[in-house]
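*Asks:* Just dropping this structure here.
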Amino acid sequence: HEKACSSNVIHLHGELKKVRSTFNEELVMDWEDDLNPGDFCENNHQLRPHVVWFGEAVPMMEPAMDITFRADILMIIGTSMQVYPAAGLLDLAPEGIPVYFIDPKPSVAESKNLKIYAEKASVGVPRVVQELLEKA
């Protein structure tokens with residue numbers, strides 16, 4: 001998204017090109033190389049990938065929920081919809097807004113406001129965008 005100049009991007013599950021301290025999770029740094037045992041923060045604690053692992057809290061969940069509550073359109077792309085709490089964002093969308101689900105193997109059923117595109121993102125996203133532009 002950043003390469004496409006998107007602004008206000010929320011990395012719900014973290015970022016692979018960043019690391020954080022196991023001592024202070026607020027200490028986050030850019031990281032391009034492999035991360036190895038013995039790579040320490042300034043407080044001499046092991047660094048770890050800046051991603052959410054299974055069983056951990058999702059720190060960006062609140063901002064994602066706030067955005068979902070206010071959405072005019074919701075587009076879900078390339079997910080199994082099996083991992084919570086992120087999969088629960090679908091249930092927070094305002095009633096009646098259009099929801100587009102794009103995935104080669106969709107795991108949800110189409111409904112009144114939920115339209116499914118059983119395609120890769122490279123095909124499904126342009127289709128949805130074209131349809132939205134035609135409606136505008």
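How things are named: the first chain in the structure tokens is A, the next is B, and so on; residues count from 1 in each chain; ligands count from 1 in the order shown.
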Name all residues at most 12 Å from Asn8 of chain A (count only C-alpha atoms; drop same-chain ones fewer than 5 positions away) and give them as a PyMOL selection string.

*Replies:* chain A and resi 1-2+63-64+67

*Asks:* The selected residues should be written to file as a tab-separated table (two decimals), in the first residue's frame (atoms: all heavy atoms).

*Replies:*
chain	number	residue	atom	x	y	z
A	1	HIS	N	0.81	-1.20	0.00
A	1	HIS	CA	0.00	0.00	0.00
A	1	HIS	C	0.85	1.26	0.00
A	1	HIS	O	0.52	2.23	-0.68
A	1	HIS	CB	-0.96	0.00	1.18
A	1	HIS	CG	-2.11	-0.93	0.99
A	1	HIS	ND1	-3.18	-0.61	0.20
A	1	HIS	CD2	-2.34	-2.16	1.47
A	1	HIS	CE1	-4.04	-1.61	0.20
A	1	HIS	NE2	-3.56	-2.57	0.96
A	2	GLU	N	1.91	1.26	0.77
A	2	GLU	CA	2.76	2.43	0.81
A	2	GLU	C	3.40	2.70	-0.55
A	2	GLU	O	3.51	3.85	-0.97
A	2	GLU	CB	3.84	2.30	1.89
A	2	GLU	CG	3.32	2.47	3.30
A	2	GLU	CD	2.82	1.18	3.93
A	2	GLU	OE1	2.61	0.17	3.21
A	2	GLU	OE2	2.61	1.17	5.15
A	63	PRO	N	-8.12	0.54	16.06
A	63	PRO	CA	-8.23	1.43	14.90
A	63	PRO	C	-8.94	0.76	13.72
A	63	PRO	O	-9.72	1.40	13.01
A	63	PRO	CB	-6.78	1.76	14.54
A	63	PRO	CG	-6.00	1.50	15.78
A	63	PRO	CD	-6.73	0.41	16.51
A	64	ALA	N	-8.69	-0.53	13.51
A	64	ALA	CA	-9.36	-1.25	12.41
A	64	ALA	C	-10.86	-1.32	12.65
A	64	ALA	O	-11.66	-1.16	11.72
A	64	ALA	CB	-8.76	-2.64	12.27
A	67	ILE	N	-12.45	2.13	11.88
A	67	ILE	CA	-12.58	2.36	10.44
A	67	ILE	C	-13.72	1.52	9.87
A	67	ILE	O	-14.51	1.99	9.05
A	67	ILE	CB	-11.25	2.08	9.72
A	67	ILE	CG1	-10.25	3.18	10.07
A	67	ILE	CG2	-11.44	1.96	8.21
A	67	ILE	CD1	-8.84	2.89	9.61

*Asks:* Among chain A, which residues carry a DSSP assignment of helix (DSSP H, G or I), reported as a PyMOL selection string?

*Replies:* chain A and resi 61-69+86-92+121-135

*Asks:* Considering only strand (DSSP E or B) as DSSP defines it on the backbone, what residues of segment 3-134 of chain A qualify? List them as a ChimeraX atom specification.

*Replies:* /A:14-21,28-30,40,46-51,74-77,99-102,114-117

*Asks:* Please provide the set of residues having any atom within 8 Å of segment 83-91 of chain A, restricted to only C-alpha atoms, with same-chain residues fewer than 2 positions apart removed, written as a list in words.

*Replies:* Val58, Met61, Ala64, Met65, Thr68, Ser80, Met81 and Ala93 of chain A

*Asks:* Hey, can you spit out that residue selection with N, CA and C atoms as a JSON list (two decimals), in the first residue's frame?

*Replies:*
[["chain", "number", "residue", "atom", "x", "y", "z"],
["A", 58, "VAL", "N", -3.95, -8.32, 19.16],
["A", 58, "VAL", "CA", -3.76, -7.58, 17.92],
["A", 58, "VAL", "C", -3.81, -6.10, 18.27],
["A", 61, "MET", "N", -6.14, -3.57, 16.45],
["A", 61, "MET", "CA", -7.53, -3.98, 16.28],
["A", 61, "MET", "C", -8.50, -2.82, 16.50],
["A", 64, "ALA", "N", -8.69, -0.53, 13.51],
["A", 64, "ALA", "CA", -9.36, -1.25, 12.41],
["A", 64, "ALA", "C", -10.86, -1.32, 12.65],
["A", 65, "MET", "N", -11.25, -1.53, 13.89],
["A", 65, "MET", "CA", -12.68, -1.56, 14.22],
["A", 65, "MET", "C", -13.32, -0.20, 13.97],
["A", 68, "THR", "N", -13.82, 0.28, 10.31],
["A", 68, "THR", "CA", -14.88, -0.60, 9.81],
["A", 68, "THR", "C", -16.26, -0.07, 10.19],
["A", 80, "SER", "N", -8.62, -16.34, 4.62],
["A", 80, "SER", "CA", -9.44, -17.52, 4.89],
["A", 80, "SER", "C", -10.66, -17.19, 5.74],
["A", 81, "MET", "N", -10.66, -16.04, 6.38],
["A", 81, "MET", "CA", -11.72, -15.64, 7.32],
["A", 81, "MET", "C", -11.83, -16.64, 8.48],
["A", 93, "ALA", "N", -19.18, -4.16, 10.09],
["A", 93, "ALA", "CA", -19.51, -3.24, 9.00],
["A", 93, "ALA", "C", -20.93, -2.73, 9.18]]

*Asks:* Smallest atom-to-atom distance to Asn43 of chain A: which of A:Glu25, A:Ala109, A:Phe69, A:Gly55, using only C-alpha atoms?

*Replies:* A:Glu25

*Asks:* Mind checking which residues fall within 8 Å of Trp31 of chain A, counting only C-alpha atoms, ignoring those fewer than 2 positions away in the same chain, and posting them as a PDB file with N, CA and C atoms, in the first residue's frame?

*Replies:*
ATOM      1  N   LYS A  17       9.187  -6.222   7.768  1.00  0.00           N
ATOM      2  CA  LYS A  17      10.451  -5.489   7.620  1.00  0.00           C
ATOM      3  C   LYS A  17      10.735  -4.620   8.836  1.00  0.00           C
ATOM      4  N   LYS A  18      10.126  -4.983   9.954  1.00  0.00           N
ATOM      5  CA  LYS A  18      10.403  -4.297  11.217  1.00  0.00           C
ATOM      6  C   LYS A  18      10.610  -5.348  12.302  1.00  0.00           C
ATOM      7  N   VAL A  19      11.319  -4.957  13.331  1.00  0.00           N
ATOM      8  CA  VAL A  19      11.533  -5.813  14.495  1.00  0.00           C
ATOM      9  C   VAL A  19      11.207  -5.000  15.740  1.00  0.00           C
ATOM     10  N   MET A  29      11.921  -1.077  15.224  1.00  0.00           N
ATOM     11  CA  MET A  29      12.910  -0.551  14.277  1.00  0.00           C
ATOM     12  C   MET A  29      12.750  -1.196  12.912  1.00  0.00           C
ATOM     13  N   ASP A  33      17.666  -7.141   7.158  1.00  0.00           N
ATOM     14  CA  ASP A  33      18.427  -8.393   7.148  1.00  0.00           C
ATOM     15  C   ASP A  33      17.650  -9.519   7.822  1.00  0.00           C
TER      16      ASP A  33
END

*Asks:* Quick one: residues within 9 Å of Asn44 of chain A, only C-alpha atoms counted, chain neighbours fewer than 3 positions away excluded, as a PyMOL selection string?

*Replies:* chain A and resi 21+23+39-41

*Asks:* What is the distance between atom CA of Ser107 of chain A and atom CA of Ser7 of chain A, in Å to one decimal?

*Replies:*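 It comes out at 29.3 Å.
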
*Asks:* One decimal, in Å: what's the spacing between atom CA of Arg48 of chain A and atom CA of Asn36 of chain A?

*Replies:*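 Calculated distance between atom CA of Arg48 of chain A and atom CA of Asn36 of chain A is 8.7 Å.
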
*Asks:* Find, counting only C-alpha atoms, the residue in A:Val51, A:Arg127, A:Leu92, A:Pro37 that gets nearest to His11 of chain A.

*Replies:*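 Using only C-alpha atoms, the shortest distance to His11 of chain A belongs to A:Val51.
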
*Asks:* From the set A:Val99, A:Leu74, A:Val125, A:Leu16, which residue has the shortest atom-to-atom contact distance to Glu32 of chain A, counting only C-alpha atoms?

*Replies:*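 Smallest separation from Glu32 of chain A among the options: A:Leu16.
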
*Asks:* I'd like the interatomic distance between atom CA of Glu26 of chain A and atom CA of Leu47 of chain A, to a tenth of an Å.

*Replies:*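 It comes out at 11.9 Å.
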
*Asks:* Restricting the calculation to only C-alpha atoms: of A:Pro126, A:Gly78, A:Pro49, A:Gly96, which residue gets closest to Leu35 of chain A?

*Replies:* A:Pro49

*Asks:* Ranking A:Cys5, A:Leu27, A:Ile76, A:Ile97 by minimum distance to His45 of chain A and counting only C-alpha atoms, which one comes first?

*Replies:*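 Residue with the minimum atom-to-atom distance to His45 of chain A: A:Leu27.
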
*Asks:* With only C-alpha atoms as the basis for distance, which of A:Tyr117, A:Pro59, A:Thr22, A:Glu95 is at the shortest distance from Gln46 of chain A?

*Replies:*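 Closest candidate: A:Thr22.
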